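J.: Once you've had a glance at the structure underneath, I'll fire off some questions.
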Amino acid sequence: MVLGVHTLTFTLLQSTVLQNGSSALKNVWYYLNKQVMIGSIPLSVTRLVLGIGVFVVTLIGARSFSSLLERRIEKRTQLDPGIRYTIARLAKLGLLTAGVLIALRAAFDLDLTSIAVVFTALSVGIGFGLQYIAADIASGFILLFERPVRVGDRITIEKDEGDVRSINLRTTLVRTNDNISIIVPNSKLVSQRVVNWSYGDPRARISTPVGVAYNSDVQLVTETLLSAAEGVENVLKDPAPQVQFMRFGDYSLDFRLLVWSALPRRHAQIRSDINYRIEKLFRERGIEIPYPTHEYRLRGSLPATPDDGATLSDDDPRPHPPAE
């Protein structure tokens, strides 16, 4: 009898706890799903968490898919490396765009009309302070589609020179010979003057100016400069090197040696090798490289003054001191 009473009491307590726990869970679930209207946009905790989750999954998936696609198309050697990079980058941007739209739809229940309103509001912000960021993003798409600068190209922008490592949505990464990474806004690559050493024909002409003394044999100088270009690494024999007599300078006869190379990105090293050869051959053949000199001529010494203790002659036009 006592056991039956205890069993009944335990059953009642258990049902009470379950009911209370179920009621608490229902309350929590109710508040998590309760929608709050912000303007015409419904917002709830579960929708917000779902949207964030969709965005994170999309971000990870887009990055993984882009890397996988880039590895797959790397095997197609017939494709230009810049084209392979552009395909992978556009695929990543396309997946990100689709993921952002789905995340907005899941989090805020936005349709295309609402998204257009959001972008219209963003355009107002762009007009007030984000125009430079918008210009960089638009320039990034221009670089990917028009491809004036591609990944792997050797470029010179202002005083900086290096290889393009990546073209991102807003910036481009350039690596210099000193292994220094330069982050360049995409708008600068579109709107400013950029020297692309790798664009079009892989061959480029490299100029090396040099001046010699006025008493130098012009024919000997020409032959020596052509000899200096022989045997230099990365210098082409066809087209052949050429020497031009540029002008009669203030202190020297100015020439320039023109050579062609299929690796113009090595132009600094090629010039250095040629300069070493020119200095060696000029020294062997007695050709002088002048340096600016200034010559001053004095017309004569100044005549003595009375303070010097000298006596003025009667013919001196200067006034004579009074006689004592």
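Naming works like this for the structure tokens: A, B, ... for the chains as they're shown, residue 1 at the start of each chain, ligands 1 onward in shown order.
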Can you pull out every residue within 12 Å of segment 273-277 of chain A, counting only C-alpha atoms, but drop anything in the same chain fewer than 4 positions away, and send it as JSON, numbers by chain?
T.: {"A": [206, 207, 208, 209, 210, 224, 225, 226, 227, 228, 229, 230, 231, 232, 233, 234, 235, 241, 256, 257, 258, 259, 266, 267, 268, 269, 281, 282, 283, 284]}
J.: Keeping only C-alpha atoms, write the selected residues as an mmCIF file, in the first residue's frame.
T.:
```cif
data_model
loop_
_atom_site.group_PDB
_atom_site.id
_atom_site.type_symbol
_atom_site.label_atom_id
_atom_site.label_comp_id
_atom_site.auth_asym_id
_atom_site.auth_seq_id
_atom_site.Cartn_x
_atom_site.Cartn_y
_atom_site.Cartn_z
ATOM 1 C CA ILE A 206 66.031 47.525 -73.981
ATOM 2 C CA SER A 207 68.021 50.751 -74.274
ATOM 3 C CA THR A 208 71.380 51.421 -72.607
ATOM 4 C CA PRO A 209 72.613 55.036 -72.943
ATOM 5 C CA VAL A 210 76.332 55.877 -72.735
ATOM 6 C CA THR A 224 82.795 48.331 -78.984
ATOM 7 C CA LEU A 225 79.145 48.775 -78.003
ATOM 8 C CA LEU A 226 78.081 46.031 -80.426
ATOM 9 C CA SER A 227 80.760 43.751 -78.978
ATOM 10 C CA ALA A 228 79.468 44.505 -75.470
ATOM 11 C CA ALA A 229 76.071 43.066 -76.423
ATOM 12 C CA GLU A 230 77.557 39.757 -77.605
ATOM 13 C CA GLY A 231 77.248 36.830 -75.239
ATOM 14 C CA VAL A 232 74.999 38.609 -72.737
ATOM 15 C CA GLU A 233 72.368 36.261 -71.328
ATOM 16 C CA ASN A 234 68.766 36.781 -72.516
ATOM 17 C CA VAL A 235 69.823 39.107 -75.368
ATOM 18 C CA PRO A 241 71.716 44.739 -81.455
ATOM 19 C CA ARG A 256 72.684 54.309 -76.960
ATOM 20 C CA LEU A 257 72.872 50.555 -77.376
ATOM 21 C CA LEU A 258 69.582 48.847 -78.300
ATOM 22 C CA VAL A 259 69.094 45.128 -77.697
ATOM 23 C CA ARG A 266 64.801 40.840 -66.567
ATOM 24 C CA HIS A 267 65.590 44.230 -68.087
ATOM 25 C CA ALA A 268 67.373 45.506 -64.961
ATOM 26 C CA GLN A 269 69.751 42.536 -64.879
ATOM 27 C CA LEU A 281 85.826 46.924 -73.160
ATOM 28 C CA PHE A 282 86.099 50.716 -72.870
ATOM 29 C CA ARG A 283 88.966 50.321 -70.399
ATOM 30 C CA GLU A 284 90.752 47.834 -72.694
#
```
J.: List the spatial neighbours of segment 96-101 of chain A as a ChimeraX atom specification - criterion: any atom at most 8 Å away, only C-alpha atoms, same-chain residues fewer than 4 positions off excluded.
T.: /A:54-55,58-59,62,92,105
J.: Export C-alpha atoms of the chosen residues as a CSV table (one decimal), in the first residue's frame?
T.:
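What landed in again26.csv:
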```
chain,number,residue,atom,x,y,z
A,54,VAL,CA,23.9,30.0,-45.0
A,55,PHE,CA,26.4,32.8,-45.6
A,58,THR,CA,28.5,29.7,-48.9
A,59,LEU,CA,31.8,31.4,-48.0
A,62,ALA,CA,32.9,29.1,-52.6
A,92,LYS,CA,34.0,32.2,-56.7
A,105,ARG,CA,16.2,35.7,-48.3
```
J.: When distances are computed from only C-alpha atoms, which of A:Arg285, A:Arg63, A:Arg165, A:Arg47 shows the smallest separation from Gly152 of chain A?
T.: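 Of the candidates, the smallest distance to Gly152 of chain A is held by A:Arg165.
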J.: Pick the closest to Trp197 of chain A from A:Ile142, A:Leu263, A:Ile133, A:Val184: which is it, counting only C-alpha atoms?
T.: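 Of A:Ile142, A:Leu263, A:Ile133, A:Val184, the one nearest Trp197 of chain A, counting only C-alpha atoms, is A:Leu263.
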J.: Check the smallest atom-to-atom distance from each of A:Gln244, A:Ser272, A:Thr293, A:Ser198 to Pro148 of chain A using only C-alpha atoms, then report the winner.
T.: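 Looking at the shortest contact to Pro148 of chain A, the residue is A:Ser198.
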J.: Quick check for you: according to DSSP on this backbone, which residues of segment 192-247 of chain A are classed as helix (DSSP H, G or I)? Reply as a list of chain:residue names.
T.: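 Matching residues, listed in order: A:Val218, A:Gln219, A:Leu220, A:Val221, A:Thr222, A:Glu223, A:Thr224, A:Leu225, A:Leu226, A:Ser227, A:Ala228.
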J.: Would you export the selected residues with N, CA and C atoms as a PDB file, in the first residue's frame, please?
T.:
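Generated file (again.pdb):
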```pdb
ATOM      1  N   VAL A 218      84.469  57.586 -83.228  1.00  0.00           N
ATOM      2  CA  VAL A 218      83.059  57.205 -83.277  1.00  0.00           C
ATOM      3  C   VAL A 218      82.886  55.774 -83.780  1.00  0.00           C
ATOM      4  N   GLN A 219      83.648  55.394 -84.799  1.00  0.00           N
ATOM      5  CA  GLN A 219      83.525  54.046 -85.338  1.00  0.00           C
ATOM      6  C   GLN A 219      83.967  53.004 -84.327  1.00  0.00           C
ATOM      7  N   LEU A 220      85.029  53.304 -83.578  1.00  0.00           N
ATOM      8  CA  LEU A 220      85.500  52.371 -82.553  1.00  0.00           C
ATOM      9  C   LEU A 220      84.475  52.237 -81.433  1.00  0.00           C
ATOM     10  N   VAL A 221      83.858  53.354 -81.073  1.00  0.00           N
ATOM     11  CA  VAL A 221      82.824  53.307 -80.035  1.00  0.00           C
ATOM     12  C   VAL A 221      81.657  52.431 -80.487  1.00  0.00           C
ATOM     13  N   THR A 222      81.245  52.577 -81.748  1.00  0.00           N
ATOM     14  CA  THR A 222      80.126  51.783 -82.267  1.00  0.00           C
ATOM     15  C   THR A 222      80.452  50.289 -82.240  1.00  0.00           C
ATOM     16  N   GLU A 223      81.645  49.932 -82.704  1.00  0.00           N
ATOM     17  CA  GLU A 223      82.037  48.517 -82.718  1.00  0.00           C
ATOM     18  C   GLU A 223      82.148  47.960 -81.295  1.00  0.00           C
ATOM     19  N   THR A 224      82.633  48.792 -80.366  1.00  0.00           N
ATOM     20  CA  THR A 224      82.795  48.331 -78.984  1.00  0.00           C
ATOM     21  C   THR A 224      81.433  48.081 -78.333  1.00  0.00           C
ATOM     22  N   LEU A 225      80.480  48.963 -78.583  1.00  0.00           N
ATOM     23  CA  LEU A 225      79.145  48.775 -78.003  1.00  0.00           C
ATOM     24  C   LEU A 225      78.477  47.521 -78.561  1.00  0.00           C
ATOM     25  N   LEU A 226      78.647  47.262 -79.851  1.00  0.00           N
ATOM     26  CA  LEU A 226      78.081  46.031 -80.426  1.00  0.00           C
ATOM     27  C   LEU A 226      78.758  44.796 -79.837  1.00  0.00           C
ATOM     28  N   SER A 227      80.054  44.879 -79.595  1.00  0.00           N
ATOM     29  CA  SER A 227      80.760  43.751 -78.978  1.00  0.00           C
ATOM     30  C   SER A 227      80.295  43.534 -77.542  1.00  0.00           C
ATOM     31  N   ALA A 228      79.925  44.628 -76.859  1.00  0.00           N
ATOM     32  CA  ALA A 228      79.468  44.505 -75.470  1.00  0.00           C
ATOM     33  C   ALA A 228      78.157  43.741 -75.375  1.00  0.00           C
TER      34      ALA A 228
END
```
J.: From the set A:Asp136, A:Glu161, A:Asp254, A:Asp178, which residue has the shortest atom-to-atom contact distance to Ser191 of chain A, counting only C-alpha atoms?
T.: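 For Ser191 of chain A, the nearest of the given residues is A:Asp136.
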J.: Would you mind reading off the distance between atom CA of Gly61 of chain A and atom CA of Pro185 of chain A, one decimal, in Å?
T.: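 Distance reported for this atom pair: 26.8 Å.
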J.: For atom CA of Ala106 of chain A and atom CA of Val57 of chain A, determine how far apart the two atoms are, in Å to one decimal place.
T.: 13.2 Å
J.: Mind giving me the straight-line distance from atom CA of Asn215 of chain A to atom CA of Ala240 of chain A in Å, one decimal?
T.: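 It comes out at 27.9 Å.
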J.: For Ile287 of chain A, list every protein, DNA or RNA residue within 8 Å, evaluated using only C-alpha atoms, and leave out those in the same chain fewer than 6 positions away; present the list as a list in words.
T.: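 Returned residues: Val212, Ala213, Ser216 and Val221 of chain A.
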J.: Could you turn the residues from that selection into a file that holds N, CA and C atoms, as a CSV table (one decimal), in the first residue's frame?
T.:
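The resulting selection.csv:
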```csv
chain,number,residue,atom,x,y,z
A,212,VAL,N,80.6,59.3,-74.4
A,212,VAL,CA,82.1,59.2,-74.5
A,212,VAL,C,82.6,60.6,-74.7
A,213,ALA,N,84.0,60.7,-74.5
A,213,ALA,CA,84.6,62.0,-74.7
A,213,ALA,C,84.6,62.4,-76.1
A,216,SER,N,86.9,60.9,-78.9
A,216,SER,CA,86.8,59.4,-79.1
A,216,SER,C,86.6,59.1,-80.6
A,221,VAL,N,83.9,53.4,-81.1
A,221,VAL,CA,82.8,53.3,-80.0
A,221,VAL,C,81.7,52.4,-80.5
```
